[in-house]
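Q: Mind having a look at this structure? Questions to follow.
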Amino acid sequence: MSRQRQVLPWQTWVVVVVLGSFATLRGAEPPPPMPRSYEIPYKLTATNHVMVRLKLNGKGPFNFIMDTGAPAIFCATKVARKAGVEPKRDGWGTFDTLELEGGLKLERVAARIDDPFQLEGMNSLGIAGVELHGMIGYNLLARYRVTYDFTSDKLVLTELPGFEPGEVPSFGGGGQGGLEMIGTMMKFLAPLMNFKGPPERRPRGYLGVELEEKEGVVVTAVYPDSPAEKAGIRIGDRITAIAGRNMSTVAEVLKAMARFSPQDSVEMTLERQGETTTRTVRLGRGL
Amino acid sequence: MRRMLSPRLTAALFSLVAVLGLRADDSARSPQSVPFELLPSKHMAVQVKINGKGPYRLVFDTGAPMMLITMRAAKDAGLVKRDARPLGAGLFSFMGEPTTIKDFEMGGLKAENVATVVMDHPTVKVMEELFGRLDGIVGFPFFARYRMTIDYQAKTMSFEPVDFKPTNIFDSLMNILMADPKTRNAPKVLAPLAQWGLMVDKGTEDDEPGVEVRRVFRNGPAAQSGLREGDRILTVDGRWTDSVIDFYEAAGHVQPGKSVPLKIQRGSETRTIQLTPKRGL
């Protein structure tokens with residue numbers, strides 16, 4: 001790989017080099033009279049990045065970071081390939097559609113197709129907790145008034161009608177002072193240090209009861225043919241312990257159960273008409 | 001005309017009074033507007049003061065999980081000693097020294113005890129050569145304390161304090177890096193916060209959006225919402241549910257008793273229903 005390759009900016013290790021031009025971003029529909037607002041779900045990664053999900057040409061979802069430190073959208077090469085887009089000679093590609101989770105849909109969106117070292121490094125260590133596929137930078141961000149509030153679970157993007165973000169000029173080549181080595185280094189080191197990338201995610205096991213808190217945790221409903229019913233749990237039972245640990249609130253019960261997967265067996269201690277009884281529940285699939 | 005407007009005006013005044021009443025003891029809670037400069041590279045730059053010194057010119061970067069101050073500015077503001085030297089050299093010059101900014105000011109905003117690193121980042125250096133003096137990067141430890149709106153058209157940001165305590169990135173990273181590999185690589189169980197009363201599934205060959213409802217438990221919240229077996233759930237409260245795992249991620253945001261919209265597909269028809277999960281599991 002040549003040293004001339006433009007390793008692009010994002011995050012702190014910002015930027016500088018953009019070649020090529022931007023295709024104009026256009027809304028999927030003619031602009032409505034009032035600026036539209038979109039509530040965009042986001043997730044804060046373990047590395048404190050603001051991650052949103054998007055679909056490219058209908059494929060995905062993919063995980064992207066909201067990044068004012070990036071002058072454009074950056075998309076990992078393998079992700080672009082999944083969406084059927086190969087980078088042109090200048091490193092840019094155009095997606096027919098880009099849809100953000102939450103309902104914002106754009107057509108003909110230009111992006112830099114590249115593998116920024118920061119993402120490669122983070123992905124090989126798995127430190128963000130999820131795999132990251134790219135960054136959303138200026139050429140999309142500038143089209144909206146964006147509100148971030150980490151006490152809410154959605155971002156708000158409001159259209160800026162009539163506002164045309166200026167083109168990102170090109171600045172010529174240059175690396176990032178050796179920083180681009182980090183991605184390669186991390187990729188090489190991670191397996192040696194027993195880093196396996198983002199962890200596998202599994203659903204929690206299912207019981208099939210409704211609970212209330214009155215002098216302890218009381219079962220107020222048991223669904224027919226649920227794991228709870230099969231294990232003999234009944235309405236009115238008080239859950240006093242799970243796997244030997246005492247329970248007095250619903251929050252404690254949810255926390256104690258949060259580590260079990262479907263097919264796991266859990267010992268539950270119940271109080272029924274003044275008597276204590278123990279049931280082993282084989283958890284099922286559901287929520 | 002005046003009479004027609006007055007009820008609305010009164011209402012507006014009332015709500016204003018209510019807001020003022022709630023927050024009378026905390027004047028800093030009103031949104032503060034801060035202008036920014038758009039660099040030719042389309043990065044945002046802001047003027048800040050550090051411990052009363054400055055102003056310094058910093059890049060404002062939502063993608064930066066940490067604050068970064070150059071050695072030059074850090075010395076000037078007294079964050080490090082005058083004779084301090086960079087921690088690493090060459091390839092490792094990206095390693096910075098963690099410290100804390102006691103008083104950080106940006107526009108009319110004042111923040112205390114902002115975690116930062118002192119380092120000369122090569123990219124900041126390159127940008128400085130192109131765009132004039134730059135003294136670092138403003139990142140998450142500062143902006144996460146606020147409800148923040150960025151408007152590129154007006155070239156302003158607005159900030160209103162919220163009760164969010166950002167975790168320290170150095171602590172989190174250390175925890176992850178130093179963790180026992182067994183713990184670190186262990187599968188993560190996604191626990192819903194409430195009882196939905198359904199089971200969703202997706203075939204391995206199924207590439208279409210959404211997940212299929214395989215079971216609806218009688219009398220449960222899903223049954224009460226009118227959801228049926230065979231329905232396809234496309235979104236939960238605006239979140240895509242294209243896999244079983246996605247569905248659990250979405251459910252992880254919904255507290256019991258909160259009514260959320262579900263976009264579903266039944267046959268060829270798409271509709272939205274409301275579902276209120278209950279306490280349980």
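Naming works like this for the structure tokens: A, B, ... for the chains as they're shown, residue 1 at the start of each chain, ligands 1 onward in shown order.
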Using only C-alpha atoms, which protein or nucleic acid residues come within 6 Å of segment 134-147 of chain A? Drop anything in the same chain fewer than 3 positions from it, and give the result as number ranges by chain.
A: A: 64-68, 70-76, 155-160; B: 148-152
Q: Just the helix (DSSP H, G or I) stuff from segment 45-207 of chain A, please, per backbone DSSP, written as an MDAnalysis selection string.
A: chainID A and resid 77:82 117:125 138:141 181:192
Q: Could you please tell me, as JSON, numbers by chain, which residues of chain A have an atom within 6 Å of chain B when using only C-alpha atoms?
A: {"A": [11, 12, 13, 14, 48, 67, 68, 69, 71, 102, 142, 145, 146, 147, 148, 149, 176, 177, 199, 200, 201, 202, 203, 204, 207, 208, 209, 210, 211, 258, 259, 286, 287]}
Q: List the neighbours of Leu56 of chain A out to 6 Å using only C-alpha atoms; skip same-chain residues closer than 6 positions along the sequence, and give me the result as a list in words.
A: Ala83, Thr97 and Leu98 of chain A
Q: Which residues come within 10 Å of segment 268-275 of chain A, counting only C-alpha atoms, excluding same-chain residues fewer than 3 positions away, as number ranges by chain?
A: A: 217-219, 231, 233-247, 265, 278-281
Q: Could you save those same residues with C-alpha atoms as a PDB file, in the first residue's frame?
A:
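Result went into result_8.pdb, see below:
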ATOM      1  CA  VAL A 217     -41.534  -9.278  44.672  1.00  0.00           C
ATOM      2  CA  VAL A 218     -44.910 -10.782  43.854  1.00  0.00           C
ATOM      3  CA  VAL A 219     -45.847 -12.693  40.692  1.00  0.00           C
ATOM      4  CA  ALA A 231     -41.765 -24.874  36.295  1.00  0.00           C
ATOM      5  CA  ILE A 233     -44.633 -20.837  39.343  1.00  0.00           C
ATOM      6  CA  ARG A 234     -48.064 -19.442  40.246  1.00  0.00           C
ATOM      7  CA  ILE A 235     -49.803 -16.119  40.617  1.00  0.00           C
ATOM      8  CA  GLY A 236     -49.302 -14.803  44.150  1.00  0.00           C
ATOM      9  CA  ASP A 237     -45.887 -16.448  44.613  1.00  0.00           C
ATOM     10  CA  ARG A 238     -43.307 -14.224  46.230  1.00  0.00           C
ATOM     11  CA  ILE A 239     -39.801 -14.496  44.755  1.00  0.00           C
ATOM     12  CA  THR A 240     -37.472 -14.434  47.759  1.00  0.00           C
ATOM     13  CA  ALA A 241     -34.216 -15.674  46.228  1.00  0.00           C
ATOM     14  CA  ILE A 242     -32.599 -16.376  42.861  1.00  0.00           C
ATOM     15  CA  ALA A 243     -29.666 -18.787  42.680  1.00  0.00           C
ATOM     16  CA  GLY A 244     -29.333 -18.519  46.462  1.00  0.00           C
ATOM     17  CA  ARG A 245     -29.250 -14.716  46.542  1.00  0.00           C
ATOM     18  CA  ASN A 246     -31.988 -12.908  48.473  1.00  0.00           C
ATOM     19  CA  MET A 247     -34.350 -10.650  46.513  1.00  0.00           C
ATOM     20  CA  SER A 265     -31.512 -23.354  34.402  1.00  0.00           C
ATOM     21  CA  THR A 278     -37.789 -24.045  45.439  1.00  0.00           C
ATOM     22  CA  ARG A 279     -38.279 -24.370  41.693  1.00  0.00           C
ATOM     23  CA  THR A 280     -35.743 -24.872  38.953  1.00  0.00           C
ATOM     24  CA  VAL A 281     -36.752 -22.975  35.825  1.00  0.00           C
TER      25      VAL A 281
END
Q: Per DSSP on the backbone, what are the strand (DSSP E) residues of segment 28-178 of chain A, as a ChimeraX atom specification?
A: /A:37-41,43-44,50-56,59-66,74-75,92-100,104-113,134-136,144-148,154-159
Q: Looking at only C-alpha atoms, which of A:Pro61, A:Ile40, A:Thr220, A:Lys78 is the one that sits closest to Ser243 of chain B?
A: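 Closest to Ser243 of chain B of all the choices is A:Pro61.
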Q: What is the atom CA of Tyr206 of chain A-atom CA of Val211 of chain B distance in Å, reported with one decimal?
A: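 Value for the atom CA of Tyr206 of chain A-atom CA of Val211 of chain B distance: 17.7 Å.
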